[in-house]
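> Questions regarding the structure given below will be posed in turn.
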Amino acid sequence: MDLPELTTDEIREAVRAGYGAIATNDGRCGCSTGCCGNSDPQQLAHALGYGAQTLSNLPEGANMGLSCGNPVAIAALHEGQIVLDLGSGGGFDVFQAGAMVKETGRVIGVDMTPEMLAKARKNIFQYRQHTSLDNVEFRLGEIEHLPVPDASVDVVLSNCVINLSPDKPQVWREIFRVLKPKGTVSISDLALLRPLPANIREMVEALVGCIAGATLVDETQKMMELAGFTDITLTPKPDYVRHMQSWNDPLYKQIAESLPKGSEMSDYVVSLSIAARKEGDL
């Protein structure tokens, strides 16, 4: 299947099906390749800077090894904030954010995959038991059309999800719309340092694994500027890709073998920490 010829709906359905399979298989992909990310979620989370104590307090199954960074740490969340997590999956970052914003704050997770939404909502009970907090919720929706009112959110988080969207400029416009004036963005995503070879862009598995859908770092900057963001900071973090390669992740191994001779994954793909602000008076 040739990705450049896929329609927007076909791309979205491929992603929905891939992540639905992950959710119903307890984090294990339903396909033959490693399109789910790392096979050891705890190992990956530690490598990305998530603390052992934090991980131990999460509901069982919330960490599915789908991260490519630590947006919660970037955000430096504090009590009372309203937080939105795009592509919330099993609730991995939502539950961590909920513990940080406490009783007076709220965290909303949005995901387009019903299976993921069911998994996350099931995890709420255990989260309440651990924290005595009732401050998180999960909504079904696409990140291009967020089920959230205008100017209602203090911080937008996302972890390795925007690269999956077939309409990234619309995602950035939506993020800008839902943020309050002075609101901030704290996102981890995969990005490209240079264009991927055509044979890799044609792999649907690479799309579900967040790689084939990634855009160039400069393109991300331009999309954010056009949406209206200021104080944009893009920080490449190549260690993520190196970790995935060193752990022999099946998808990353397959892609590495498909690259031109003498090339490495880290020459093309990087984890990108994204921070920005929406200007305006409160």
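Ligands are numbered from 1 in the order shown, chains are lettered A, B, ... in the order of the structure tokens, and residues start at 1 in each chain.
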Neighbours of Asn159 of chain A within 9 Å (only C-alpha atoms; same-chain residues fewer than 4 positions away dropped), as a ChimeraX atom specification?

/A:66-71,85-88,93,187-189

> For the selection you just gave me, I'd like the residues written to a file as a compact mmCIF listing (two decimals), in the first residue's frame, keeping N, CA and C atoms.


# COMPACT_ATOMS: atom_id res chain seq x y z
N LEU A 66 4.28 3.33 24.37
CA LEU A 66 4.01 4.09 23.15
C LEU A 66 4.60 5.50 23.20
N SER A 67 5.41 5.78 24.19
CA SER A 67 5.97 7.13 24.35
C SER A 67 7.22 7.32 23.50
N CYS A 68 7.50 8.60 23.18
CA CYS A 68 8.80 8.93 22.57
C CYS A 68 9.43 10.12 23.30
N GLY A 69 8.89 10.44 24.46
CA GLY A 69 9.41 11.53 25.27
C GLY A 69 8.63 11.62 26.56
N ASN A 70 8.83 12.72 27.29
CA ASN A 70 8.18 12.89 28.58
C ASN A 70 7.56 14.28 28.65
N PRO A 71 6.40 14.50 28.01
CA PRO A 71 5.80 15.83 27.98
C PRO A 71 5.35 16.33 29.34
N ASP A 85 -4.70 16.21 27.08
CA ASP A 85 -3.72 15.27 26.51
C ASP A 85 -4.27 14.71 25.20
N LEU A 86 -3.56 14.95 24.10
CA LEU A 86 -3.99 14.50 22.78
C LEU A 86 -3.52 13.07 22.53
N GLY A 87 -4.44 12.20 22.11
CA GLY A 87 -4.08 10.81 21.87
C GLY A 87 -3.69 10.13 23.17
N SER A 88 -4.61 10.14 24.13
CA SER A 88 -4.29 9.77 25.51
C SER A 88 -4.11 8.28 25.74
N ASP A 93 -0.03 9.46 30.46
CA ASP A 93 0.32 10.82 30.87
C ASP A 93 -0.83 11.52 31.59
N ILE A 187 4.90 19.09 24.31
CA ILE A 187 4.64 17.92 23.46
C ILE A 187 5.94 17.18 23.13
N SER A 188 5.84 15.86 23.13
CA SER A 188 6.91 15.01 22.60
C SER A 188 6.38 14.36 21.33
N ASP A 189 7.17 14.38 20.28
CA ASP A 189 6.71 13.84 19.01
C ASP A 189 7.92 13.33 18.23

> Contacts of Lys237 of chain A at 8 Å or less, counting only C-alpha atoms, minus same-chain residues fewer than 4 places along, as a list in words?

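My list of contacting residues is Val270, Ser271, Leu272 and Ser273 of chain A.
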
> From a DSSP calculation on the backbone, collect every residue of segment 78-122 of chain A in strand (DSSP E) and output the set as a short mmCIF file (atom, residue, chain, number, x, y, z; two decimals) with N, CA and C atoms, in the first residue's frame.


data_model
loop_
_atom_site.label_atom_id
_atom_site.label_comp_id
_atom_site.auth_asym_id
_atom_site.auth_seq_id
_atom_site.Cartn_x
_atom_site.Cartn_y
_atom_site.Cartn_z
N ILE A 82 -5.86 23.27 34.14
CA ILE A 82 -6.68 22.42 33.27
C ILE A 82 -5.78 21.95 32.14
N VAL A 83 -5.66 20.62 32.00
CA VAL A 83 -4.70 20.02 31.07
C VAL A 83 -5.44 19.16 30.06
N LEU A 84 -5.00 19.19 28.81
CA LEU A 84 -5.56 18.36 27.75
C LEU A 84 -4.46 17.51 27.16
N ASP A 85 -4.70 16.21 27.08
CA ASP A 85 -3.72 15.27 26.51
C ASP A 85 -4.27 14.71 25.20
N LEU A 86 -3.56 14.95 24.10
CA LEU A 86 -3.99 14.50 22.78
C LEU A 86 -3.52 13.07 22.53
N ARG A 106 -7.81 19.73 36.55
CA ARG A 106 -8.53 18.70 35.79
C ARG A 106 -7.70 18.33 34.57
N VAL A 107 -7.75 17.04 34.21
CA VAL A 107 -7.04 16.55 33.03
C VAL A 107 -8.03 15.83 32.13
N ILE A 108 -8.03 16.21 30.86
CA ILE A 108 -8.92 15.62 29.86
C ILE A 108 -8.06 14.88 28.84
N GLY A 109 -8.33 13.61 28.65
CA GLY A 109 -7.67 12.85 27.61
C GLY A 109 -8.60 12.67 26.42
N VAL A 110 -8.07 12.86 25.21
CA VAL A 110 -8.85 12.67 23.99
C VAL A 110 -8.19 11.60 23.14
N ASP A 111 -8.97 10.63 22.68
CA ASP A 111 -8.44 9.57 21.81
C ASP A 111 -9.53 9.17 20.83
#

> Provide the atom CA of Ala276 of chain A to atom CA of Lys102 of chain A distance in Å, to one decimal place.

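These atoms are spaced 23.6 Å apart.
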
> One number please: atom CA of Pro181 of chain A to atom CA of Glu279 of chain A, in Å, one decimal.

5.6 Å

> Give me, as a ChimeraX atom specification, all polymer residues having an atom no more than 9 Å from segment 126-132 of chain A, counting only C-alpha atoms and skipping those fewer than 5 positions away in the same chain.

/A:57-60,95,99

> Can you list, as a PyMOL selection string, every protein, DNA or RNA residue that comes within 7 Å of Val241 of chain A when you count only C-alpha atoms, leaving out same-chain residues fewer than 2 positions away?

chain A and resi 238-239+243-245+265-266+270

> Create the file for the chosen residues now, containing C-alpha atoms and written as a short mmCIF file (atom, residue, chain, number, x, y, z; two decimals), in the first residue's frame.


data_model
loop_
_atom_site.label_atom_id
_atom_site.label_comp_id
_atom_site.auth_asym_id
_atom_site.auth_seq_id
_atom_site.Cartn_x
_atom_site.Cartn_y
_atom_site.Cartn_z
CA PRO A 238 18.27 11.54 19.33
CA ASP A 239 18.67 9.16 22.29
CA HIS A 243 17.53 3.23 22.44
CA MET A 244 14.96 1.65 20.14
CA GLN A 245 17.70 0.45 17.82
CA MET A 265 17.88 5.73 11.83
CA SER A 266 19.15 8.68 13.88
CA VAL A 270 14.50 12.16 16.10
#

> How many Å separate atom CA of Phe138 of chain A from atom CA of Phe229 of chain A?

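Atom-to-atom, atom CA of Phe138 of chain A and atom CA of Phe229 of chain A are spaced 25.9 Å apart.
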
> Using only C-alpha atoms, determine which residues lie at most 8 Å from Arg12 of chain A, disregarding the query and same-chain residues fewer than 4 positions distant; provide the list as a PyMOL selection string.

chain A and resi 8+16+165-166

> Take the residues just selected and output them with C-alpha atoms as a tab-separated table (two decimals), in the first residue's frame.


chain	number	residue	atom	x	y	z
A	8	THR	CA	-7.07	11.20	4.80
A	16	ARG	CA	-7.29	3.56	14.39
A	165	SER	CA	-2.38	12.86	11.94
A	166	PRO	CA	-3.05	13.22	8.19

> Run DSSP on the backbone and give me the residues of segment 43-247 of chain A it puts in alpha helix (DSSP H), as a ChimeraX atom specification.

/A:43-47,52-56,71-75,92-101,114-131,168-178,198-201,204-208,217-227,239-246

> Give me the segment 46-115 of chain A side of the contact with segment 20-25 of chain A, cut-off 9 Å, one line per residue showing its nearest atom pair and distance in Å at one decimal, counting only C-alpha atoms, sorted by chain and residue number, as CSV.


residue,atom,partner,partner_atom,distance
A:Met64,CA,A:Ile22,CA,8.5
A:Gly89,CA,A:Ala23,CA,8.1
A:Gly90,CA,A:Ala23,CA,7.7
A:Thr113,CA,A:Gly20,CA,6.0
A:Pro114,CA,A:Gly20,CA,7.3
A:Glu115,CA,A:Gly20,CA,5.4

> Take the selection from the previous step and output its residues with C-alpha atoms, as a PDB file, in the first residue's frame.


ATOM      1  CA  MET A  64       1.858   0.675  26.952  1.00  0.00           C
ATOM      2  CA  GLY A  89      -4.257   6.003  24.907  1.00  0.00           C
ATOM      3  CA  GLY A  90      -4.506   4.048  28.159  1.00  0.00           C
ATOM      4  CA  THR A 113      -9.810   4.741  19.280  1.00  0.00           C
ATOM      5  CA  PRO A 114     -12.787   3.309  21.205  1.00  0.00           C
ATOM      6  CA  GLU A 115     -10.690   0.400  22.463  1.00  0.00           C
TER       7      GLU A 115
END

> Here is a test: counting only C-alpha atoms, which residue of A:Asn135, A:Ser258, A:Ser186, A:Thr215 is nearest to Ser158 of chain A?

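That would be A:Ser186, the residue with the smallest distance to Ser158 of chain A.
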
> Looking at only C-alpha atoms, which of A:Thr104, A:Ala97, A:Arg177, A:Asn63 is the one that sits closest to Asn123 of chain A?

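Closest candidate: A:Asn63.
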
> I'd like the neighbourhood of Lys180 of chain A as a VMD selection string, where a residue qualifies if any of its atoms comes within 9 Å (using only C-alpha atoms), though same-chain residues fewer than 3 positions away should be ignored.

chain A and resid 150 to 155 176 to 177 183 to 184 278 to 280 282

> Nearest to Ala214 of chain A: which of A:Val171, A:Leu226, A:Ala75, A:Leu193 is it, counting only C-alpha atoms?

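The answer is A:Leu193, which sits nearest to Ala214 of chain A.
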